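Peer 1: query39.tsv is reproduced in full below (TSV, C-alpha atoms and all ligand atoms).
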chain	number	residue	atom	x	y	z
A	1	MET	CA	6.82	-0.44	0.08
A	2	LYS	CA	6.70	-0.64	3.90
A	3	ARG	CA	5.53	2.94	4.06
A	4	LEU	CA	2.52	2.12	1.91
A	5	LEU	CA	1.34	-0.45	4.41
A	6	LEU	CA	0.80	2.15	7.15
A	7	PRO	CA	-2.89	2.66	7.74
A	8	VAL	CA	-3.97	5.89	6.13
A	9	GLY	CA	-6.24	6.48	9.11
A	10	LEU	CA	-3.15	7.24	11.18
A	11	LEU	CA	-2.30	10.10	8.87
A	12	ALA	CA	-5.82	11.46	9.14
A	13	LEU	CA	-5.65	11.21	12.91
A	14	ALA	CA	-2.34	13.03	12.97
A	15	LEU	CA	-3.65	15.80	10.76
A	16	GLY	CA	-6.91	15.99	12.68
A	17	ALA	CA	-5.02	16.44	15.92
A	18	ALA	CA	-2.96	19.24	14.42
A	19	GLY	CA	-5.85	21.58	13.73
A	20	SER	CA	-9.57	21.86	14.11
A	21	GLY	CA	-10.62	24.53	11.60
A	22	GLY	CA	-12.66	23.80	8.48
A	23	ALA	CA	-9.66	24.35	6.24
A	24	TRP	CA	-7.78	21.67	8.13
A	25	ALA	CA	-10.64	19.24	7.91
A	26	GLN	CA	-10.74	19.83	4.17
A	27	ALA	CA	-6.99	19.48	3.64
A	28	ASP	CA	-7.37	16.31	5.59
A	29	VAL	CA	-9.94	14.64	3.43
A	30	VAL	CA	-8.31	15.68	0.14
A	31	GLY	CA	-4.96	14.40	1.38
A	32	GLN	CA	-6.51	11.19	2.58
A	33	ARG	CA	-8.29	10.38	-0.66
A	34	LYS	CA	-5.16	11.14	-2.70
A	35	GLU	CA	-3.14	8.89	-0.43
A	36	GLU	CA	-5.68	6.10	-0.87
A	37	MET	CA	-5.67	6.61	-4.64
A	38	LYS	CA	-1.88	6.31	-4.64
A	39	ARG	CA	-2.10	3.13	-2.60
A	40	SER	CA	-4.52	1.76	-5.17
A	41	GLY	CA	-2.05	2.67	-7.90
A	42	ALA	CA	0.69	0.82	-6.03
A	43	HIS	CA	-1.60	-2.20	-5.62
A	44	LEU	CA	-2.31	-2.23	-9.34
A	45	GLU	CA	1.38	-2.12	-10.17
A	46	ALA	CA	2.16	-4.92	-7.74
A	47	ILE	CA	-0.68	-7.03	-9.12
A	48	LYS	CA	0.47	-6.42	-12.69
A	49	LYS	CA	3.93	-7.70	-11.72
A	50	ILE	CA	2.45	-10.85	-10.24
A	51	MET	CA	0.37	-11.43	-13.38
A	52	ASP	CA	3.22	-10.67	-15.79
A	53	ALA	CA	5.58	-12.97	-13.91
A	54	GLY	CA	3.05	-15.81	-14.06
A	55	GLU	CA	3.20	-16.21	-10.28
A	56	ALA	CA	0.48	-17.77	-8.12
A	57	VAL	CA	-2.38	-15.28	-7.88
A	58	GLY	CA	-3.21	-15.80	-4.17
A	59	PRO	CA	-1.30	-12.69	-2.98
A	60	VAL	CA	-3.47	-10.57	-5.28
A	61	ALA	CA	-6.47	-11.19	-3.01
A	62	PRO	CA	-5.54	-9.05	0.04
A	63	ARG	CA	-4.55	-6.17	-2.23
A	64	ALA	CA	-7.86	-6.36	-4.06
A	65	GLN	CA	-9.68	-6.64	-0.75
A	66	GLU	CA	-8.08	-3.47	0.55
A	67	MET	CA	-8.99	-1.56	-2.60
A	68	HIS	CA	-12.52	-2.90	-2.29
A	69	GLY	CA	-12.80	-1.43	1.19
A	70	TYR	CA	-11.60	1.91	-0.09
A	71	PHE	CA	-13.92	2.11	-3.10
A	72	ALA	CA	-16.92	1.04	-1.05
A	73	THR	CA	-16.60	4.25	0.98
A	74	LEU	CA	-14.84	6.47	-1.58
A	75	PRO	CA	-17.69	8.99	-2.02
A	76	THR	CA	-17.51	9.87	1.70
A	77	LEU	CA	-13.98	11.18	1.04
A	78	PHE	CA	-15.44	13.65	-1.47
A	79	PRO	CA	-17.63	15.91	0.70
A	80	ALA	CA	-19.10	19.01	-0.93
A	81	GLY	CA	-16.62	21.87	-1.13
A	82	SER	CA	-13.48	19.75	-0.80
A	83	THR	CA	-11.86	21.28	-3.86
A	84	GLU	CA	-8.68	22.83	-2.52
A	85	ASN	CA	-5.50	21.24	-3.90
A	86	SER	CA	-7.71	18.83	-5.72
A	87	LYS	CA	-8.06	17.62	-9.28
A	88	ALA	CA	-11.61	16.48	-8.68
A	89	ARG	CA	-13.86	17.94	-11.36
A	90	PRO	CA	-17.08	19.81	-10.44
A	91	GLU	CA	-18.98	16.83	-11.88
A	92	VAL	CA	-18.06	14.88	-8.73
A	93	TRP	CA	-20.74	16.97	-7.02
A	94	SER	CA	-23.01	18.06	-9.89
A	95	ASP	CA	-23.36	14.47	-11.16
A	96	ARG	CA	-23.24	12.73	-7.81
A	97	ALA	CA	-25.24	9.70	-8.94
A	98	GLY	CA	-22.80	9.06	-11.79
A	99	PHE	CA	-19.83	9.48	-9.49
A	100	GLU	CA	-21.25	7.09	-6.92
A	101	LYS	CA	-22.01	4.58	-9.65
A	102	ALA	CA	-18.39	4.80	-10.87
A	103	ALA	CA	-17.24	4.16	-7.29
A	104	SER	CA	-19.55	1.18	-6.87
A	105	ASN	CA	-18.37	-0.25	-10.21
A	106	ALA	CA	-14.80	-0.10	-8.88
A	107	SER	CA	-15.95	-1.60	-5.60
A	108	GLU	CA	-17.63	-4.50	-7.40
A	109	ALA	CA	-14.69	-5.06	-9.73
A	110	THR	CA	-12.23	-5.21	-6.82
A	111	ALA	CA	-14.51	-7.63	-4.93
A	112	LYS	CA	-14.60	-9.84	-8.01
A	113	LEU	CA	-10.81	-9.65	-8.27
A	114	ALA	CA	-10.40	-10.64	-4.61
A	115	ALA	CA	-12.73	-13.61	-5.10
A	116	ALA	CA	-11.03	-14.75	-8.31
A	117	ALA	CA	-7.55	-14.48	-6.79
A	118	GLY	CA	-8.72	-16.21	-3.64
A	119	SER	CA	-9.90	-19.16	-5.72
A	120	GLY	CA	-6.51	-19.34	-7.45
A	121	ASP	CA	-8.08	-19.10	-10.92
A	122	ARG	CA	-5.54	-17.31	-13.06
A	123	ASP	CA	-7.79	-16.59	-16.06
A	124	ALA	CA	-10.60	-15.24	-13.91
A	125	THR	CA	-8.06	-13.14	-12.00
A	126	ALA	CA	-6.63	-11.71	-15.21
A	127	ALA	CA	-10.11	-10.85	-16.50
A	128	ALA	CA	-11.14	-9.22	-13.20
A	129	PHE	CA	-7.86	-7.31	-13.10
A	130	ARG	CA	-8.61	-5.78	-16.49
A	131	GLU	CA	-12.05	-4.83	-15.22
A	132	VAL	CA	-10.54	-3.10	-12.20
A	133	GLY	CA	-8.18	-1.11	-14.40
A	134	ALA	CA	-11.06	-0.10	-16.64
A	135	SER	CA	-13.09	1.02	-13.62
A	136	CYS	CA	-10.28	3.38	-12.52
A	137	GLY	CA	-10.06	4.85	-16.01
A	138	ALA	CA	-13.82	5.22	-16.39
A	139	CYS	CA	-14.06	7.37	-13.29
A	140	HIS	CA	-10.95	9.41	-14.03
A	141	ARG	CA	-12.18	10.20	-17.52
A	142	ASN	CA	-15.29	11.89	-16.20
A	143	TYR	CA	-14.41	13.09	-12.74
A	144	ARG	CA	-10.72	13.88	-12.56
A	145	ALA	CA	-9.10	16.87	-14.23
A	146	ARG	CA	-5.94	16.23	-16.20
B	201	LIG	C1	-15.25	6.93	-8.43
B	201	LIG	C2	-14.14	7.62	-9.08
B	201	LIG	C3	-12.74	7.09	-9.05
B	201	LIG	C4	-12.32	5.78	-9.12
B	201	LIG	C5	-13.15	4.51	-9.23
B	201	LIG	C6	-10.88	5.82	-9.08
B	201	LIG	N1	-10.43	7.11	-8.96
B	201	LIG	FE1	-8.50	7.69	-8.78
B	201	LIG	N2	-9.11	9.63	-8.63
B	201	LIG	C7	-10.42	10.07	-8.71
B	201	LIG	C8	-10.47	11.51	-8.51
B	201	LIG	C9	-11.73	12.38	-8.53
B	201	LIG	C10	-9.14	11.92	-8.31
B	201	LIG	C11	-8.65	13.35	-8.00
B	201	LIG	C12	-8.63	13.48	-6.46
B	201	LIG	C13	-8.22	14.85	-5.99
B	201	LIG	O1	-7.24	15.42	-6.56
B	201	LIG	O2	-8.86	15.35	-5.06
B	201	LIG	C14	-8.31	10.71	-8.40
B	201	LIG	C15	-6.91	10.69	-8.27
B	201	LIG	C16	-6.12	9.57	-8.42
B	201	LIG	C17	-4.67	9.56	-8.34
B	201	LIG	C18	-3.79	10.78	-8.07
B	201	LIG	C19	-3.63	10.95	-6.57
B	201	LIG	C20	-2.76	12.17	-6.21
B	201	LIG	O3	-1.75	11.97	-5.53
B	201	LIG	O4	-3.13	13.28	-6.59
B	201	LIG	C21	-4.25	8.27	-8.54
B	201	LIG	C22	-2.84	7.74	-8.55
B	201	LIG	C23	-5.44	7.47	-8.74
B	201	LIG	N3	-6.57	8.28	-8.65
B	201	LIG	C24	-5.43	6.11	-8.96
B	201	LIG	C25	-6.59	5.32	-9.08
B	201	LIG	C26	-6.59	3.89	-9.32
B	201	LIG	C27	-5.34	3.04	-9.51
B	201	LIG	C28	-7.88	3.50	-9.36
B	201	LIG	C29	-8.45	2.13	-9.59
B	201	LIG	C30	-7.90	1.01	-8.90
B	201	LIG	C31	-8.70	4.69	-9.16
B	201	LIG	N4	-7.88	5.76	-8.99
B	201	LIG	C32	-10.08	4.69	-9.15
B	201	LIG	C33	-11.52	9.30	-8.92
B	201	LIG	C34	-11.55	7.91	-8.97
What's the structure tokens form of this structure?

Peer 2:
Amino acid sequence: MKRLLLPVGLLALALGAAGSGGAWAQADVVGQRKEEMKRSGAHLEAIKKIMDAGEAVGPVAPRAQEMHGYFATLPTLFPAGSTENSKARPEVWSDRAGFEKAASNASEATAKLAAAAGSGDRDATAAAFREVGASCGACHRNYRAR
């Protein structure tokens, strides 16, 4: 778990320093968004454990907050042409408005989750958590290849 706490920006910096060509920049952004997606997956798993165990929901808040920061800027990690080694579907670019809406839905759901967890309200946290999960699935269904 320690590894997951390293700022992803460091990885991007390291890769950026290693090369300057367009291909590098692209590998960079695809790698970065995948890494962030994986971190979100790890956050979801950790939150599910907290909920299943009936533990205090406070620790959910910083995880939700971090995901919120990611989803708020997610579309910037999908620049046109960044398709190499990627499962992003062409609709990410051809239906940009829909993709950005899916990202903002996830951003709003994670903000709601952070607020609910911060207030210590277990029911509200559980409801917001389901919403976050649904927002991941909604985007994947339309914009990620299987
Ligand atoms: C706005 C759209 C969108 C939202 C919201 C979204 N994803 Fe993704 N996700 C994608 C796309 C597109 C890919 C494929 C990225 C690629 O391969 O370039 C992806 C890939 C992934 C991957 C695979 C990463 C890898 O290593 O290849 C995981 C895991 C993942 N998402 C988890 C999540 C979780 C968990 C959430 C919700 C908390 C979430 N995603 C929300 C669009 C989204």

Peer 1: Ligand LIG 201 (chain B): which residues are within 8 Å, counting all atoms listed in the file, as a ChimeraX atom specification?

Peer 2: /A:30-31,33-44,67,71,74-75,78,82-89,92,99-107,110,132-140,143-145

Peer 1: For the atom pair atom CA of Ala114 of chain A and atom CA of Tyr70 of chain A, what is the interatomic distance in Å to one decimal place?

Peer 2: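 Computing it gives 13.4 Å between the two atoms.
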
Peer 1: Just to confirm, what's the straight-line distance from atom CA of Leu77 of chain A to atom CA of Ala27 of chain A in Å (one decimal)?

Peer 2: 11.2 Å

Peer 1: I need the residue nearest Thr125 of chain A from this list: A:Gly54, A:Ser94, A:Val60, A:Glu45. Use only C-alpha atoms for the distance.

Peer 2: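 Nearest to Thr125 of chain A: A:Val60.
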
Peer 1: Rounded to one decimal place, report the atom CA of Gly98 of chain A-atom CA of Arg141 of chain A distance in Å.

Peer 2: 12.1 Å

Peer 1: For Ala116 of chain A, find every residue with an atom within 9 Å (counting only C-alpha atoms), except residues of its own chain fewer than 6 positions away, and show them as a count of residues only.

Peer 2: 9

Peer 1: My list of candidates is A:Ala46, A:Thr76, A:Gly69, A:Met51. Which is closest to Gln32 of chain A when distances are computed with all atoms listed in the file?

Peer 2: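 That would be A:Thr76, the residue with the smallest distance to Gln32 of chain A.
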